[in-house]
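Q: Coordinates in query04.cif, mmCIF, C-alpha atoms, are listed below.
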```
data_run
loop_
_atom_site.label_atom_id
_atom_site.label_comp_id
_atom_site.auth_asym_id
_atom_site.auth_seq_id
_atom_site.Cartn_x
_atom_site.Cartn_y
_atom_site.Cartn_z
CA MET T 180 179.41 66.88 -107.74
CA PRO T 181 179.98 68.08 -104.16
CA LEU T 182 180.80 71.54 -105.43
CA LEU T 183 177.63 71.62 -107.53
CA ARG T 184 175.50 70.63 -104.54
CA GLN T 185 177.03 73.33 -102.36
CA GLY T 186 176.41 75.92 -105.07
CA LEU T 187 172.76 74.98 -105.26
CA ILE T 188 172.33 75.34 -101.50
CA VAL T 189 173.95 78.79 -101.53
CA LEU T 190 171.69 79.85 -104.40
CA VAL T 191 168.55 78.72 -102.53
CA LEU T 192 169.58 80.69 -99.43
CA ILE T 193 170.23 83.81 -101.49
CA LEU T 194 166.82 83.52 -103.18
CA ALA T 195 165.08 83.04 -99.82
CA ALA T 196 166.75 86.11 -98.34
CA ALA T 197 165.86 88.18 -101.38
CA GLY T 198 162.22 87.06 -101.23
CA GLY T 199 161.97 88.00 -97.55
CA TRP T 200 163.41 91.44 -98.23
CA TRP T 201 160.98 91.99 -101.08
CA TRP T 202 157.95 90.92 -98.97
CA THR T 203 158.91 93.21 -96.13
CA SER T 204 159.47 96.16 -98.41
CA SER T 205 156.21 95.68 -100.31
CA SER T 206 154.13 95.54 -97.11
CA GLY T 207 155.60 98.80 -95.80
CA GLN T 208 156.90 97.19 -92.58
CA THR T 209 160.40 96.94 -91.27
CA PRO T 210 161.70 93.79 -89.66
CA GLU T 211 161.87 95.66 -86.35
CA ALA T 212 158.14 96.55 -86.55
CA ALA T 213 156.93 93.00 -87.20
CA PRO T 214 157.18 91.78 -83.58
CA ALA T 215 154.96 94.69 -82.43
CA ALA T 216 152.07 93.33 -84.50
CA THR T 217 152.09 90.15 -82.45
CA GLY T 218 151.72 91.97 -79.06
CA PRO T 219 148.71 91.44 -76.67
CA GLN T 220 145.32 92.63 -77.91
CA ALA T 221 143.05 94.82 -75.71
CA VAL T 222 140.12 92.84 -74.30
CA PRO T 223 136.69 94.51 -74.62
CA VAL T 224 134.98 94.69 -71.23
CA THR T 225 132.02 96.33 -69.50
CA VAL T 226 132.63 98.11 -66.22
CA ALA T 227 130.56 99.46 -63.33
CA GLU T 228 131.49 102.07 -60.77
CA ALA T 229 131.78 101.23 -57.09
CA ARG T 230 129.27 103.56 -55.48
CA LEU T 231 128.08 104.58 -52.06
CA GLY T 232 124.73 103.32 -50.81
CA THR T 233 122.77 102.43 -47.71
CA VAL T 234 122.97 98.81 -46.59
CA GLU T 235 120.41 97.40 -44.18
CA GLU T 236 121.27 94.13 -42.50
CA THR T 237 118.06 92.25 -41.74
CA PHE T 238 116.90 88.90 -40.39
CA GLU T 239 113.80 87.16 -41.68
CA GLY T 240 111.78 84.82 -39.51
CA VAL T 241 108.39 83.16 -39.80
CA GLY T 242 105.70 82.91 -37.18
CA THR T 243 101.97 82.79 -36.47
CA THR T 244 99.86 85.59 -35.08
CA ARG T 245 97.85 85.26 -31.90
CA ALA T 246 95.48 87.63 -30.17
CA ARG T 247 96.83 89.65 -27.27
CA GLN T 248 94.02 88.17 -25.17
CA SER T 249 92.02 85.11 -26.20
CA VAL T 250 89.63 82.95 -24.20
CA GLU T 251 87.05 80.25 -24.72
CA ILE T 252 83.72 81.42 -23.31
CA VAL T 253 82.18 78.83 -20.98
CA SER T 254 79.44 78.96 -18.38
CA THR T 255 80.05 78.53 -14.67
CA VAL T 256 76.68 76.75 -14.27
CA SER T 257 74.62 74.20 -16.15
CA GLY T 258 71.37 75.05 -17.85
CA ARG T 259 69.45 75.53 -21.06
CA VAL T 260 70.21 78.36 -23.49
CA SER T 261 67.30 80.79 -23.75
CA ALA T 262 68.92 83.61 -25.77
CA ILE T 263 72.08 84.25 -27.81
CA LEU T 264 72.89 87.95 -27.74
CA PHE T 265 75.77 88.23 -30.23
CA GLU T 266 76.68 87.64 -33.86
CA ALA T 267 79.93 86.12 -35.10
CA GLY T 268 82.54 88.81 -35.66
CA GLN T 269 80.78 91.35 -33.46
CA GLN T 270 82.85 93.80 -31.42
CA VAL T 271 81.79 93.68 -27.77
CA SER T 272 82.85 95.52 -24.63
CA ARG T 273 83.69 94.16 -21.22
CA GLY T 274 80.51 93.22 -19.37
CA ASP T 275 78.28 92.97 -22.44
CA PRO T 276 75.88 89.97 -22.19
CA LEU T 277 76.59 87.21 -24.69
CA ILE T 278 74.34 84.29 -23.71
CA ARG T 279 71.37 84.01 -21.39
CA LEU T 280 70.31 80.76 -19.71
CA ASN T 281 66.83 79.85 -18.48
CA SER T 282 66.53 81.49 -15.06
CA SER T 283 62.91 81.02 -13.95
CA LEU T 284 63.91 78.94 -10.90
CA GLU T 285 66.63 81.39 -9.84
CA GLU T 286 64.22 84.32 -10.17
CA ALA T 287 61.72 82.55 -7.92
CA ASN T 288 64.40 81.76 -5.35
CA LEU T 289 65.50 85.38 -5.36
CA ALA T 290 61.95 86.60 -4.83
CA GLU T 291 61.55 84.23 -1.88
CA ALA T 292 64.86 85.32 -0.38
CA ARG T 293 63.88 88.99 -0.65
CA ALA T 294 60.51 88.34 0.97
CA LEU T 295 62.15 86.57 3.90
CA MET T 296 64.65 89.42 4.23
CA GLU T 297 61.85 91.99 4.37
CA ASP T 298 60.09 89.98 7.05
CA ALA T 299 63.32 89.79 9.08
CA ARG T 300 63.80 93.55 8.70
CA SER T 301 60.24 94.25 9.92
CA GLN T 302 60.65 92.05 12.99
CA LEU T 303 63.95 93.70 13.83
CA GLU T 304 62.50 97.21 13.54
CA ARG T 305 59.53 96.35 15.82
CA ALA T 306 61.87 94.83 18.36
CA ARG T 307 64.03 97.96 18.40
CA GLN T 308 60.94 100.12 19.04
CA LEU T 309 59.81 97.95 21.95
CA ILE T 310 63.18 97.64 23.63
CA ALA T 311 62.84 101.12 25.17
CA SER T 312 59.79 100.00 27.14
CA ARG T 313 61.56 96.80 28.13
CA THR T 314 58.83 94.79 26.42
CA VAL T 315 61.46 92.93 24.37
CA ALA T 316 64.71 91.59 25.80
CA GLN T 317 68.06 92.66 24.36
CA ALA T 318 68.82 89.03 23.54
CA ARG T 319 65.75 88.87 21.32
CA VAL T 320 66.88 91.98 19.41
CA GLU T 321 70.29 90.45 18.84
CA GLU T 322 68.66 87.25 17.62
CA LEU T 323 66.53 89.19 15.14
CA GLN T 324 69.62 91.09 13.95
CA ALA T 325 71.35 87.79 13.18
CA SER T 326 68.27 86.54 11.33
CA PHE T 327 68.19 89.71 9.24
CA ALA T 328 71.89 89.38 8.36
CA ALA T 329 71.34 85.76 7.31
CA ALA T 330 68.39 86.83 5.14
CA GLN T 331 70.57 89.45 3.48
CA ALA T 332 73.20 86.80 2.73
CA ARG T 333 70.55 84.54 1.20
CA VAL T 334 69.43 87.39 -1.06
CA ALA T 335 73.01 88.06 -2.16
CA ALA T 336 73.49 84.36 -2.95
CA ALA T 337 70.24 84.23 -4.94
CA GLU T 338 71.26 87.34 -6.88
CA ARG T 339 74.64 85.77 -7.66
CA ARG T 340 72.99 82.57 -8.91
CA LEU T 341 70.68 84.62 -11.09
CA ALA T 342 73.59 86.68 -12.46
CA ASP T 343 75.42 83.46 -13.36
CA ARG T 344 72.60 82.66 -15.76
CA VAL T 345 73.95 85.45 -18.03
CA ILE T 346 77.39 84.91 -19.60
CA VAL T 347 79.16 88.24 -20.23
CA ALA T 348 82.33 89.30 -22.08
CA PRO T 349 85.35 89.35 -19.73
CA PHE T 350 87.16 92.02 -21.83
CA ASP T 351 86.80 94.10 -24.98
CA GLY T 352 87.15 92.00 -28.11
CA VAL T 353 85.61 90.25 -31.09
CA VAL T 354 83.47 87.15 -30.62
CA GLY T 355 83.87 84.17 -32.92
CA LEU T 356 81.44 81.59 -34.20
CA ARG T 357 78.79 80.38 -31.78
CA GLU T 358 79.12 76.73 -30.82
CA ILE T 359 75.58 76.28 -29.41
CA ASP T 360 71.99 77.08 -30.38
CA ILE T 361 68.96 78.33 -28.52
CA GLY T 362 67.55 75.46 -26.49
CA SER T 363 70.90 73.69 -26.15
CA SER T 364 71.63 72.18 -22.77
CA ILE T 365 75.11 73.12 -21.57
CA SER T 366 77.38 72.29 -18.66
CA ASP T 367 80.25 74.16 -17.05
CA ASP T 368 82.76 72.74 -19.58
CA THR T 369 80.81 73.47 -22.78
CA VAL T 370 82.58 75.93 -25.08
CA LEU T 371 80.01 78.52 -26.15
CA THR T 372 82.18 80.76 -28.36
CA ARG T 373 85.61 82.40 -28.39
CA LEU T 374 86.58 85.97 -27.62
CA ASP T 375 89.73 87.61 -29.04
CA ASP T 376 91.21 90.99 -28.28
CA MET T 377 92.30 91.92 -31.83
CA SER T 378 93.28 95.54 -31.20
CA ALA T 379 96.85 94.27 -31.30
CA LEU T 380 98.28 90.89 -32.27
CA GLU T 381 101.36 89.05 -31.10
CA LEU T 382 103.74 87.46 -33.60
CA GLN T 383 106.16 84.91 -32.20
CA PHE T 384 109.15 83.58 -34.15
CA GLN T 385 112.61 82.16 -33.53
CA VAL T 386 115.95 83.91 -34.09
CA PRO T 387 119.32 82.09 -34.34
CA GLU T 388 121.55 82.36 -31.28
CA MET T 389 124.21 84.33 -33.22
CA PHE T 390 121.87 87.35 -33.09
CA PHE T 391 121.09 87.10 -29.36
CA GLY T 392 123.01 90.25 -28.48
CA ARG T 393 121.58 92.23 -31.39
CA VAL T 394 117.86 91.82 -30.63
CA SER T 395 116.27 93.93 -27.91
CA VAL T 396 112.85 95.08 -26.76
CA GLY T 397 111.61 98.09 -28.71
CA GLN T 398 113.25 97.27 -32.05
CA THR T 399 111.09 97.82 -35.12
CA LEU T 400 110.13 95.06 -37.55
CA VAL T 401 108.02 94.74 -40.67
CA ALA T 402 105.73 91.75 -41.28
CA GLU T 403 104.03 90.48 -44.43
CA SER T 404 101.67 87.64 -45.29
CA ALA T 405 100.88 85.88 -48.54
CA ALA T 406 97.21 86.11 -47.53
CA LEU T 407 97.40 89.92 -47.74
CA PRO T 408 99.58 90.67 -50.78
CA GLY T 409 100.98 94.17 -51.08
CA GLN T 410 100.35 95.04 -47.43
CA THR T 411 103.03 95.47 -44.78
CA PHE T 412 102.54 95.80 -41.04
CA THR T 413 104.97 97.56 -38.72
CA GLY T 414 105.43 96.42 -35.14
CA THR T 415 107.91 96.38 -32.28
CA ILE T 416 109.66 93.70 -30.25
CA ALA T 417 107.63 93.30 -27.06
CA ALA T 418 109.57 90.50 -25.37
CA ARG T 419 112.65 88.33 -25.88
CA ASP T 420 113.24 84.94 -24.33
CA THR T 421 115.99 84.79 -21.73
CA ARG T 422 117.26 81.38 -22.78
CA ILE T 423 118.35 79.63 -25.97
CA ASP T 424 116.86 76.34 -27.08
CA PRO T 425 119.77 73.84 -26.93
CA VAL T 426 118.28 71.77 -29.77
CA ALA T 427 117.24 74.48 -32.23
CA ARG T 428 120.10 76.81 -31.18
CA ALA T 429 117.65 79.69 -31.33
CA PHE T 430 115.63 81.88 -28.98
CA ARG T 431 112.03 83.06 -29.12
CA VAL T 432 111.05 86.63 -29.88
CA ARG T 433 107.54 88.04 -29.46
CA ALA T 434 106.51 91.14 -31.40
CA GLU T 435 103.36 93.25 -31.14
CA LEU T 436 101.55 94.36 -34.29
CA PRO T 437 98.92 97.11 -33.94
CA ASN T 438 95.66 96.02 -35.55
CA PRO T 439 93.07 98.77 -35.01
CA ASP T 440 91.07 97.87 -38.13
CA HIS T 441 91.13 94.12 -37.37
CA VAL T 442 92.74 93.38 -40.74
CA LEU T 443 95.00 90.71 -39.27
CA PRO T 444 93.29 87.62 -37.85
CA PRO T 445 94.80 85.39 -35.17
CA GLY T 446 96.50 82.27 -36.52
CA LEU T 447 97.88 84.00 -39.65
CA PHE T 448 101.25 82.81 -41.00
CA MET T 449 103.57 85.81 -41.48
CA VAL T 450 107.15 86.61 -42.44
CA ALA T 451 108.87 89.15 -40.20
CA ARG T 452 111.89 91.22 -41.24
CA LEU T 453 113.92 92.56 -38.34
CA ALA T 454 116.49 95.30 -39.02
CA LEU T 455 119.71 94.44 -37.15
CA ALA T 456 122.00 97.19 -38.48
CA ILE T 457 121.93 100.04 -41.01
CA ARG T 458 125.22 101.17 -42.56
CA GLU T 459 125.29 104.51 -44.34
CA ASN T 460 127.82 105.23 -47.11
CA ALA T 461 128.60 101.57 -47.74
CA ILE T 462 130.49 100.66 -50.94
CA VAL T 463 128.38 98.46 -53.22
CA ILE T 464 129.17 96.89 -56.60
CA PRO T 465 127.27 94.57 -58.97
CA GLU T 466 127.36 90.97 -57.82
CA GLN T 467 128.61 89.68 -61.20
CA ALA T 468 131.88 91.58 -60.75
CA VAL T 469 132.96 89.32 -57.88
CA GLN T 470 135.12 86.26 -58.60
CA ALA T 471 136.06 83.50 -56.17
CA GLU T 472 139.14 81.31 -56.03
CA GLY T 473 139.12 79.01 -53.05
CA ARG T 474 138.52 81.18 -50.01
CA VAL T 475 139.70 84.32 -51.79
CA THR T 476 137.27 86.75 -53.44
CA PHE T 477 138.52 89.34 -55.88
CA VAL T 478 137.49 91.74 -58.62
CA TYR T 479 139.24 93.18 -61.66
CA ARG T 480 139.66 96.92 -61.38
CA VAL T 481 140.49 98.96 -64.48
CA SER T 482 143.51 101.17 -63.88
CA ASP T 483 145.45 102.99 -66.66
CA GLY T 484 143.79 100.87 -69.31
CA LYS T 485 144.79 97.56 -67.73
CA ALA T 486 143.06 94.97 -65.57
CA GLU T 487 144.24 94.91 -61.97
CA ARG T 488 143.26 92.01 -59.71
CA VAL T 489 142.14 93.28 -56.30
CA GLU T 490 141.22 91.06 -53.38
CA VAL T 491 138.10 92.24 -51.55
CA ARG T 492 136.32 91.44 -48.31
CA LEU T 493 132.59 91.25 -48.79
CA GLY T 494 129.77 92.18 -46.47
CA LEU T 495 126.06 91.87 -47.02
CA ARG T 496 124.78 90.28 -50.22
CA ARG T 497 121.53 91.43 -51.75
CA ILE T 498 119.84 90.62 -55.04
CA GLY T 499 122.15 91.90 -57.79
CA GLU T 500 124.53 93.76 -55.46
CA VAL T 501 127.14 93.06 -52.83
CA GLU T 502 128.73 95.22 -50.16
CA VAL T 503 132.52 95.63 -50.19
CA LEU T 504 134.07 96.13 -46.77
CA GLU T 505 137.73 96.27 -47.87
CA GLY T 506 139.66 96.53 -51.14
CA LEU T 507 137.84 99.22 -53.13
CA GLU T 508 137.16 102.92 -52.96
CA PRO T 509 134.11 104.81 -54.23
CA GLY T 510 134.46 105.54 -57.93
CA ASP T 511 136.67 102.53 -58.75
CA ALA T 512 135.74 100.93 -62.10
CA VAL T 513 135.28 97.16 -61.78
CA VAL T 514 134.80 94.77 -64.67
CA THR T 515 131.37 93.14 -64.87
CA GLU T 516 131.53 91.51 -68.34
CA GLY T 517 134.47 89.99 -70.19
CA LEU T 518 136.04 88.50 -67.08
CA GLN T 519 136.87 85.13 -68.68
CA ARG T 520 139.75 86.53 -70.77
CA LEU T 521 141.28 88.73 -68.09
CA ARG T 522 144.56 88.24 -66.29
CA PRO T 523 146.44 90.72 -64.11
CA GLY T 524 147.92 93.37 -66.40
CA THR T 525 145.79 92.55 -69.45
CA PRO T 526 145.04 95.64 -71.58
CA VAL T 527 141.32 96.33 -71.67
CA ARG T 528 139.02 98.35 -73.83
CA ILE T 529 135.75 99.49 -72.34
CA GLY T 530 133.26 98.27 -74.87
CA GLY T 531 130.03 99.69 -73.46
CA ALA T 532 128.51 101.99 -70.94
CA PRO T 533 128.99 101.09 -67.28
CA ALA T 534 126.35 98.86 -65.84
CA PRO T 535 123.68 100.98 -64.19
CA GLY T 536 123.74 100.88 -60.41
CA GLY T 537 120.70 99.30 -58.79
CA PRO T 538 118.85 100.63 -55.80
CA ALA T 539 120.58 100.72 -52.46
CA ALA T 540 120.70 97.36 -50.82
#
```
Please go through the file and, once you have read it, give me the structure as structure tokens.

A:
Amino acid sequence: MPLLRQGLIVLVLILAAAGGWWWTSSSGQTPEAAPAATGPQAVPVTVAEARLGTVEETFEGVGTTRARQSVEIVSTVSGRVSAILFEAGQQVSRGDPLIRLNSSLEEANLAEARALMEDARSQLERARQLIASRTVAQARVEELQASFAAAQARVAAAERRLADRVIVAPFDGVVGLREIDIGSSISDDTVLTRLDDMSALELQFQVPEMFFGRVSVGQTLVAESAALPGQTFTGTIAARDTRIDPVARAFRVRAELPNPDHVLPPGLFMVARLALAIRENAIVIPEQAVQAEGRVTFVYRVSDGKAERVEVRLGLRRIGEVEVLEGLEPGDAVVTEGLQRLRPGTPVRIGGAPAPGGPAA
């Protein structure tokens, strides 16, 4: 029985070996070629080329416009409004009359003062003619001269009081809504209207302290507002604060926006974009090519048909693109799709056209 069992085992082994030889021969493969069929498969990927572009580093801040000059128009005297000489939104020049107050009493006082001055002048002239014949003493002439000077001063005061009954524009600008009506009684603290110099507007916003050394007077900025879609306004930095707010950790910047057509009103909320630096010939790649692992960022570069992991140092990020400061050269092919199956050294097969490069950041 033991010999029979051993014979059966030997027979089974011989049959197994013969079957394996037959299978290999019928499939046209040699035993040495079989392991090659189990080698790594090429991973289909999509690549994009690292290209040169222009990168503009900008800061965006928000602020509110204000007129370069803006005042509340008030009267220096009390009285009753007799005429309103402007319309809301009207462009006026310095010295143009805006509001006239009732001035009948001041006109009468001026007429009286002028009559008294003329009388004083006549008396002085007669005294000067008679002094040669010693009919009038020198002291009397001097007294009449003083009376004439006092009469002149009274006329000047009456003219000033009459002029105060007309409120004029202190500078060129646009008047706002009127706050009074004809017949209204006003005092010296009643706001009559507002006057804004809208030829240029000021836009004030805050900038983080990290940019303090990169913002200077004369830099150009671009401002936009949701109230005026599709329109951009170019201005310049007119002033920069000399100190940093210890709470906000920011400093104030004031820009001037030309406004010759008065399109921008004071009080408008705007977003300002300030260009801090422009880098020509920067290397940019699609953002989806960048992978992160802890604090390390890397990409897979295709080299000789294999994936090569390359650590990169990134710069400015924009929508859809990112700047590469170190790690890549222009023309390098980086993988943008199929990254999940890649490891360093994995064979790759480019399965589609390279991703089109977007506009320069």

Q: Counting only C-alpha atoms, what is within 8 Å of region 331-337 of chain T, bar same-chain residues fewer than 4 positions away, as a PDB file with C-alpha atoms, in the frame of the given file?

A:
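Saved as out_22.pdb:
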```pdb
ATOM      1  CA  GLU T 285      66.630  81.390  -9.840  1.00  0.00           C
ATOM      2  CA  GLU T 286      64.220  84.320 -10.170  1.00  0.00           C
ATOM      3  CA  ASN T 288      64.400  81.760  -5.350  1.00  0.00           C
ATOM      4  CA  LEU T 289      65.500  85.380  -5.360  1.00  0.00           C
ATOM      5  CA  ALA T 292      64.860  85.320  -0.380  1.00  0.00           C
ATOM      6  CA  ARG T 293      63.880  88.990  -0.650  1.00  0.00           C
ATOM      7  CA  MET T 296      64.650  89.420   4.230  1.00  0.00           C
ATOM      8  CA  PHE T 327      68.190  89.710   9.240  1.00  0.00           C
ATOM      9  CA  LEU T 341      70.680  84.620 -11.090  1.00  0.00           C
TER      10      LEU T 341
END
```

Q: Run the PyMOL selection byres ((chain T and resi 232-236) around 7) on the file and write out the hits as an MDAnalysis selection string.

A: chainID T and resid 230:231 237 454:463 495 539:540

Q: Please list as number ranges by chain every residue within 7 Å of Gly352 (chain T), counting all atoms listed in the file and excluding residues in the same chain fewer than 6 positions away.

A: T: 270-272, 374-377

Q: Of the residues T:Glu239, T:Glu251, T:Asp424, T:Glu338, which is the one nearest to Leu284 (chain T), using only C-alpha atoms?

A: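 Counting only C-alpha atoms, the residue closest to Leu284 (chain T) is T:Glu338.
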
Q: Applied to this file, what does the PyMOL selection byres ((chain T and resi 436) around 10) return in terms of residues, put as a CSV table (one decimal) with C-alpha atoms, keeping the file's coordinate frame?

A:
```csv
chain,number,residue,atom,x,y,z
T,244,THR,CA,99.9,85.6,-35.1
T,246,ALA,CA,95.5,87.6,-30.2
T,247,ARG,CA,96.8,89.6,-27.3
T,377,MET,CA,92.3,91.9,-31.8
T,378,SER,CA,93.3,95.5,-31.2
T,379,ALA,CA,96.8,94.3,-31.3
T,380,LEU,CA,98.3,90.9,-32.3
T,381,GLU,CA,101.4,89.0,-31.1
T,382,LEU,CA,103.7,87.5,-33.6
T,400,LEU,CA,110.1,95.1,-37.6
T,401,VAL,CA,108.0,94.7,-40.7
T,402,ALA,CA,105.7,91.8,-41.3
T,412,PHE,CA,102.5,95.8,-41.0
T,413,THR,CA,105.0,97.6,-38.7
T,414,GLY,CA,105.4,96.4,-35.1
T,415,THR,CA,107.9,96.4,-32.3
T,416,ILE,CA,109.7,93.7,-30.2
T,417,ALA,CA,107.6,93.3,-27.1
T,433,ARG,CA,107.5,88.0,-29.5
T,434,ALA,CA,106.5,91.1,-31.4
T,435,GLU,CA,103.4,93.2,-31.1
T,437,PRO,CA,98.9,97.1,-33.9
T,438,ASN,CA,95.7,96.0,-35.6
T,439,PRO,CA,93.1,98.8,-35.0
T,443,LEU,CA,95.0,90.7,-39.3
```

Q: Ranking T:Thr255, T:Gln324, T:Gln410, T:Thr525 by minimum distance to Val345 (chain T) and counting all atoms listed in the file, which one comes first?

A: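 With all atoms listed in the file as the atom set, the closest residue is T:Thr255.
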
Q: Between T:Leu295, T:Arg344, T:Ala316, T:Val370, which one has atoms that come closest to Ser283 (chain T), using only C-alpha atoms?

A: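 Result for the nearest residue to Ser283 (chain T): T:Arg344.
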
Q: Is there a way to complete region 357-380 of chain T with N, CA and C atoms and then write that out as an mmCIF file, keeping the file's coordinate frame?

A:
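Result saved to rebuild.cif:
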```cif
data_model
loop_
_atom_site.group_PDB
_atom_site.id
_atom_site.type_symbol
_atom_site.label_atom_id
_atom_site.label_comp_id
_atom_site.auth_asym_id
_atom_site.auth_seq_id
_atom_site.Cartn_x
_atom_site.Cartn_y
_atom_site.Cartn_z
ATOM 1 N N ARG T 357 79.471 80.969 -32.927
ATOM 2 C CA ARG T 357 78.790 80.380 -31.780
ATOM 3 C C ARG T 357 78.802 78.858 -31.938
ATOM 4 N N GLU T 358 79.014 78.185 -30.824
ATOM 5 C CA GLU T 358 79.120 76.730 -30.820
ATOM 6 C C GLU T 358 77.856 76.053 -30.304
ATOM 7 N N ILE T 359 76.839 76.833 -29.944
ATOM 8 C CA ILE T 359 75.580 76.280 -29.410
ATOM 9 C C ILE T 359 74.411 76.995 -30.076
ATOM 10 N N ASP T 360 73.208 76.481 -29.848
ATOM 11 C CA ASP T 360 71.990 77.080 -30.380
ATOM 12 C C ASP T 360 71.015 77.320 -29.245
ATOM 13 N N ILE T 361 70.007 78.105 -29.525
ATOM 14 C CA ILE T 361 68.960 78.330 -28.520
ATOM 15 C C ILE T 361 68.283 76.999 -28.213
ATOM 16 N N GLY T 362 68.138 76.727 -26.926
ATOM 17 C CA GLY T 362 67.550 75.460 -26.490
ATOM 18 C C GLY T 362 68.587 74.412 -26.151
ATOM 19 N N SER T 363 69.850 74.659 -26.464
ATOM 20 C CA SER T 363 70.900 73.690 -26.150
ATOM 21 C C SER T 363 71.084 73.594 -24.639
ATOM 22 N N SER T 364 71.334 72.395 -24.178
ATOM 23 C CA SER T 364 71.630 72.180 -22.770
ATOM 24 C C SER T 364 73.135 72.157 -22.602
ATOM 25 N N ILE T 365 73.663 72.999 -21.721
ATOM 26 C CA ILE T 365 75.110 73.120 -21.570
ATOM 27 C C ILE T 365 75.509 72.792 -20.145
ATOM 28 N N SER T 366 76.797 72.507 -19.978
ATOM 29 C CA SER T 366 77.380 72.290 -18.660
ATOM 30 C C SER T 366 78.509 73.300 -18.463
ATOM 31 N N ASP T 367 79.208 73.172 -17.341
ATOM 32 C CA ASP T 367 80.250 74.160 -17.050
ATOM 33 C C ASP T 367 81.525 73.952 -17.855
ATOM 34 N N ASP T 368 81.578 72.928 -18.738
ATOM 35 C CA ASP T 368 82.760 72.740 -19.580
ATOM 36 C C ASP T 368 82.415 72.838 -21.069
ATOM 37 N N THR T 369 81.219 73.303 -21.378
ATOM 38 C CA THR T 369 80.810 73.470 -22.780
ATOM 39 C C THR T 369 81.349 74.787 -23.326
ATOM 40 N N VAL T 370 82.077 74.717 -24.441
ATOM 41 C CA VAL T 370 82.580 75.930 -25.080
ATOM 42 C C VAL T 370 81.445 76.576 -25.856
ATOM 43 N N LEU T 371 81.125 77.819 -25.526
ATOM 44 C CA LEU T 371 80.010 78.520 -26.150
ATOM 45 C C LEU T 371 80.467 79.311 -27.381
ATOM 46 N N THR T 372 81.570 80.009 -27.261
ATOM 47 C CA THR T 372 82.180 80.760 -28.360
ATOM 48 C C THR T 372 83.590 81.138 -27.919
ATOM 49 N N ARG T 373 84.262 81.936 -28.724
ATOM 50 C CA ARG T 373 85.610 82.400 -28.390
ATOM 51 C C ARG T 373 85.653 83.920 -28.499
ATOM 52 N N LEU T 374 86.451 84.519 -27.650
ATOM 53 C CA LEU T 374 86.580 85.970 -27.620
ATOM 54 C C LEU T 374 88.054 86.329 -27.777
ATOM 55 N N ASP T 375 88.360 87.195 -28.763
ATOM 56 C CA ASP T 375 89.730 87.610 -29.040
ATOM 57 C C ASP T 375 89.844 89.119 -28.962
ATOM 58 N N ASP T 376 90.872 89.572 -28.266
ATOM 59 C CA ASP T 376 91.210 90.990 -28.280
ATOM 60 C C ASP T 376 92.119 91.222 -29.474
ATOM 61 N N MET T 377 91.575 91.768 -30.561
ATOM 62 C CA MET T 377 92.300 91.920 -31.830
ATOM 63 C C MET T 377 92.795 93.341 -32.056
ATOM 64 N N SER T 378 92.753 94.184 -31.032
ATOM 65 C CA SER T 378 93.280 95.540 -31.200
ATOM 66 C C SER T 378 94.771 95.525 -31.470
ATOM 67 N N ALA T 379 95.438 94.486 -31.002
ATOM 68 C CA ALA T 379 96.850 94.270 -31.300
ATOM 69 C C ALA T 379 97.107 92.772 -31.275
ATOM 70 N N LEU T 380 97.959 92.315 -32.181
ATOM 71 C CA LEU T 380 98.280 90.890 -32.270
ATOM 72 C C LEU T 380 99.724 90.657 -31.872
#
```
